[in-house]
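Structure, as structure tokens:
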Amino acid sequence: MSDPENPKLVLPGDLLGTAEEFVPGRGTYEDNGKIYAALLGRTSVDSHDRAIRVEALHAIPHIEDGDDVYARVDEVKSAMVVVTVLTLSNGRRAVPGAPEGTIHISKAKDEYTESLSSEFSPGDVVIAKVIQSQPTIKLTTGPSNLGVVSARCQSCHGLLTMGGRELVCPRCGHREHRKAARLGEAAGGTDGRGPD
Ligand SMILES: [Zn+2]
């Protein structure tokens, strides 16, 4: 068999090694002195106690109505913002395929939006809620906890300090405006890392 010290993808029932070589850890089972994968995942070996484990592969995240996602602004049009959906905000798991989404001008803020270009800029990262996931992804940044979380200065491309309604570039002092997310009001700050 190939070297189990190098992580590799295994299927349930795949032989990982012998009980002399390894201690069966999470995601494995021992049978007759041999250690097998109990689930689909990636192998890892603890160099201290020689425990071999299989870390389960997460199910491929798919987007559902009501999910909060991180997305990058690609284009700001007169009536909508075109974004690439990057990750689910919950656990920050990547959304495969980098699907395109849109934020319509009526969903950009809870109040009336006069001009999207004064609220968003290409390259901004937003946190947004999915209001429609099929057949196209439609997002809202209306609620106060949603909106731009990362933005760059249009003058010098430095990262803007987020926080207020008016953003000030710490490098060149340029002032910009965004529909910024009030992160303090965001629900669920438990970015809990799982056990080891
Ligand atoms: Zn600047």
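All residue names refer to the structure tokens as shown: chains lettered A, B, ... in order, residues numbered from 1 in each chain, ligands numbered from 1 in order.
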Cut-off 8 Å: closest chain A/ligand 1 atom pairs per residue, using only C-alpha atoms and all ligand atoms, as JSON lines:
```
{"residue": "A:Arg152", "atom": "CA", "partner": "ligand 1", "partner_atom_place_in_ligand_line": "1 (Zn)", "distance": 7.7}
{"residue": "A:Cys153", "atom": "CA", "partner": "ligand 1", "partner_atom_place_in_ligand_line": "1 (Zn)", "distance": 4.5}
{"residue": "A:Gln154", "atom": "CA", "partner": "ligand 1", "partner_atom_place_in_ligand_line": "1 (Zn)", "distance": 6.7}
{"residue": "A:Ser155", "atom": "CA", "partner": "ligand 1", "partner_atom_place_in_ligand_line": "1 (Zn)", "distance": 5.0}
{"residue": "A:Cys156", "atom": "CA", "partner": "ligand 1", "partner_atom_place_in_ligand_line": "1 (Zn)", "distance": 4.1}
{"residue": "A:His157", "atom": "CA", "partner": "ligand 1", "partner_atom_place_in_ligand_line": "1 (Zn)", "distance": 5.8}
{"residue": "A:Gly158", "atom": "CA", "partner": "ligand 1", "partner_atom_place_in_ligand_line": "1 (Zn)", "distance": 5.1}
{"residue": "A:Leu159", "atom": "CA", "partner": "ligand 1", "partner_atom_place_in_ligand_line": "1 (Zn)", "distance": 7.6}
{"residue": "A:Leu160", "atom": "CA", "partner": "ligand 1", "partner_atom_place_in_ligand_line": "1 (Zn)", "distance": 7.4}
{"residue": "A:Val168", "atom": "CA", "partner": "ligand 1", "partner_atom_place_in_ligand_line": "1 (Zn)", "distance": 7.9}
{"residue": "A:Cys169", "atom": "CA", "partner": "ligand 1", "partner_atom_place_in_ligand_line": "1 (Zn)", "distance": 4.6}
{"residue": "A:Pro170", "atom": "CA", "partner": "ligand 1", "partner_atom_place_in_ligand_line": "1 (Zn)", "distance": 6.8}
{"residue": "A:Arg171", "atom": "CA", "partner": "ligand 1", "partner_atom_place_in_ligand_line": "1 (Zn)", "distance": 5.2}
{"residue": "A:Cys172", "atom": "CA", "partner": "ligand 1", "partner_atom_place_in_ligand_line": "1 (Zn)", "distance": 4.2}
{"residue": "A:Gly173", "atom": "CA", "partner": "ligand 1", "partner_atom_place_in_ligand_line": "1 (Zn)", "distance": 5.9}
{"residue": "A:His174", "atom": "CA", "partner": "ligand 1", "partner_atom_place_in_ligand_line": "1 (Zn)", "distance": 5.2}
```
Shell around Asp46 (chain A) at 12 Å using only C-alpha atoms, local window under 5 positions removed, as a ChimeraX atom specification: /A:4-7,21-26,51-54,196
Please give the complete set of residues from region 16-179 of chain A that DSSP, run on the backbone, assigns to strand (DSSP E or B), formatted as a VMD selection string. chain A and resid 16 to 18 23 to 24 28 to 31 34 to 37 41 to 45 51 to 56 68 to 76 80 to 88 94 100 to 104 125 to 132 137 to 140 147 to 150 152 159 161 166 to 168 175 to 177
CA of Tyr70 (chain A) to CA of Lys129 (chain A): how many Å, to one decimal? 8.9 Å
Near Ala108 (chain A), counting only C-alpha atoms, which residues have an atom at most 6 Å away, once you skip same-chain residues fewer than 4 positions from it, shown as an MDAnalysis selection string? chainID A and resid 140:142
Given the choices A:Asn32, A:Gln132, A:Ser47, A:Thr102, which gets closest to Asp74 (chain A) if the distance is worked out from only C-alpha atoms?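 Nearest candidate to Asp74 (chain A) out of A:Asn32, A:Gln132, A:Ser47, A:Thr102: A:Thr102.
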Taking only C-alpha atoms into account, produce a table as CSV in which each residue of region 54-121 of chain A with an atom at most 12 Å from an atom of region 12-17 of chain A appears once, together with its shortest atom pair and the distance in Å to one decimal, ordered by chain and rising number.
```
residue,atom,partner,partner_atom,distance
A:Val54,CA,A:Leu16,CA,9.6
A:Glu55,CA,A:Pro12,CA,11.8
A:Ala56,CA,A:Pro12,CA,10.5
A:Leu57,CA,A:Pro12,CA,12.0
```
Give me the residues within 12 Å of Lys109 (chain A) as a list in words, counting only C-alpha atoms and dropping any in the same chain fewer than 5 places off. Ile103, His104, Glu114, Ser115, Leu116, Ser118, Glu119, Phe120, Ala128, Leu139, Thr140, Thr141, Gly142, Pro143, Ser144, Asn145, Leu146, Gly147, Val148, Arg178, Lys179, Ala180 and Ala181 of chain A
Limited to N, CA and C atoms, could you put the picked residues into a file as a short mmCIF file (atom, residue, chain, number, x, y, z; two decimals), in the first residue's frame?
```
data_model
loop_
_atom_site.label_atom_id
_atom_site.label_comp_id
_atom_site.auth_asym_id
_atom_site.auth_seq_id
_atom_site.Cartn_x
_atom_site.Cartn_y
_atom_site.Cartn_z
N ILE A 103 -27.27 41.10 -6.68
CA ILE A 103 -27.99 41.89 -5.67
C ILE A 103 -28.72 42.99 -6.44
N HIS A 104 -30.04 42.92 -6.43
CA HIS A 104 -30.80 43.96 -7.14
C HIS A 104 -30.78 45.25 -6.32
N GLU A 114 -30.05 55.14 -4.08
CA GLU A 114 -30.01 56.03 -5.23
C GLU A 114 -29.07 55.50 -6.30
N SER A 115 -27.91 55.06 -5.88
CA SER A 115 -26.90 54.61 -6.84
C SER A 115 -26.09 53.48 -6.23
N LEU A 116 -26.08 52.34 -6.91
CA LEU A 116 -25.31 51.21 -6.40
C LEU A 116 -23.82 51.50 -6.36
N SER A 118 -22.35 54.00 -5.36
CA SER A 118 -21.91 54.66 -4.13
C SER A 118 -22.05 53.75 -2.91
N GLU A 119 -22.44 52.49 -3.15
CA GLU A 119 -22.57 51.53 -2.05
C GLU A 119 -21.64 50.34 -2.18
N PHE A 120 -21.23 50.04 -3.41
CA PHE A 120 -20.39 48.87 -3.67
C PHE A 120 -19.34 49.24 -4.69
N ALA A 128 -23.95 38.47 2.49
CA ALA A 128 -25.29 38.67 1.95
C ALA A 128 -26.14 37.44 2.24
N LEU A 139 -29.45 37.72 -4.05
CA LEU A 139 -29.00 38.01 -2.70
C LEU A 139 -29.55 39.34 -2.23
N THR A 140 -29.59 39.49 -0.88
CA THR A 140 -29.91 40.79 -0.32
C THR A 140 -28.82 41.20 0.66
N THR A 141 -28.52 42.50 0.69
CA THR A 141 -27.66 43.05 1.73
C THR A 141 -28.44 44.08 2.55
N GLY A 142 -29.77 43.99 2.51
CA GLY A 142 -30.62 44.99 3.15
C GLY A 142 -30.42 45.13 4.65
N PRO A 143 -30.56 44.03 5.43
CA PRO A 143 -30.46 44.17 6.88
C PRO A 143 -29.12 44.76 7.31
N SER A 144 -29.12 45.37 8.51
CA SER A 144 -27.93 46.14 8.92
C SER A 144 -26.70 45.27 9.11
N ASN A 145 -26.90 43.98 9.42
CA ASN A 145 -25.72 43.13 9.64
C ASN A 145 -25.14 42.60 8.33
N LEU A 146 -25.75 42.97 7.22
CA LEU A 146 -25.28 42.51 5.91
C LEU A 146 -24.70 43.68 5.13
N GLY A 147 -23.83 43.36 4.18
CA GLY A 147 -23.22 44.40 3.36
C GLY A 147 -21.73 44.16 3.22
N VAL A 148 -21.01 45.23 2.90
CA VAL A 148 -19.58 45.13 2.63
C VAL A 148 -18.81 44.87 3.93
N ARG A 178 -19.72 53.00 1.64
CA ARG A 178 -20.20 51.67 1.27
C ARG A 178 -21.46 51.38 2.07
N LYS A 179 -22.23 50.41 1.55
CA LYS A 179 -23.28 49.81 2.37
C LYS A 179 -22.56 48.77 3.23
N ALA A 180 -22.02 49.23 4.35
CA ALA A 180 -21.16 48.38 5.17
C ALA A 180 -22.00 47.52 6.09
N ALA A 181 -21.53 46.30 6.31
CA ALA A 181 -22.18 45.42 7.29
C ALA A 181 -21.80 45.89 8.68
#
```
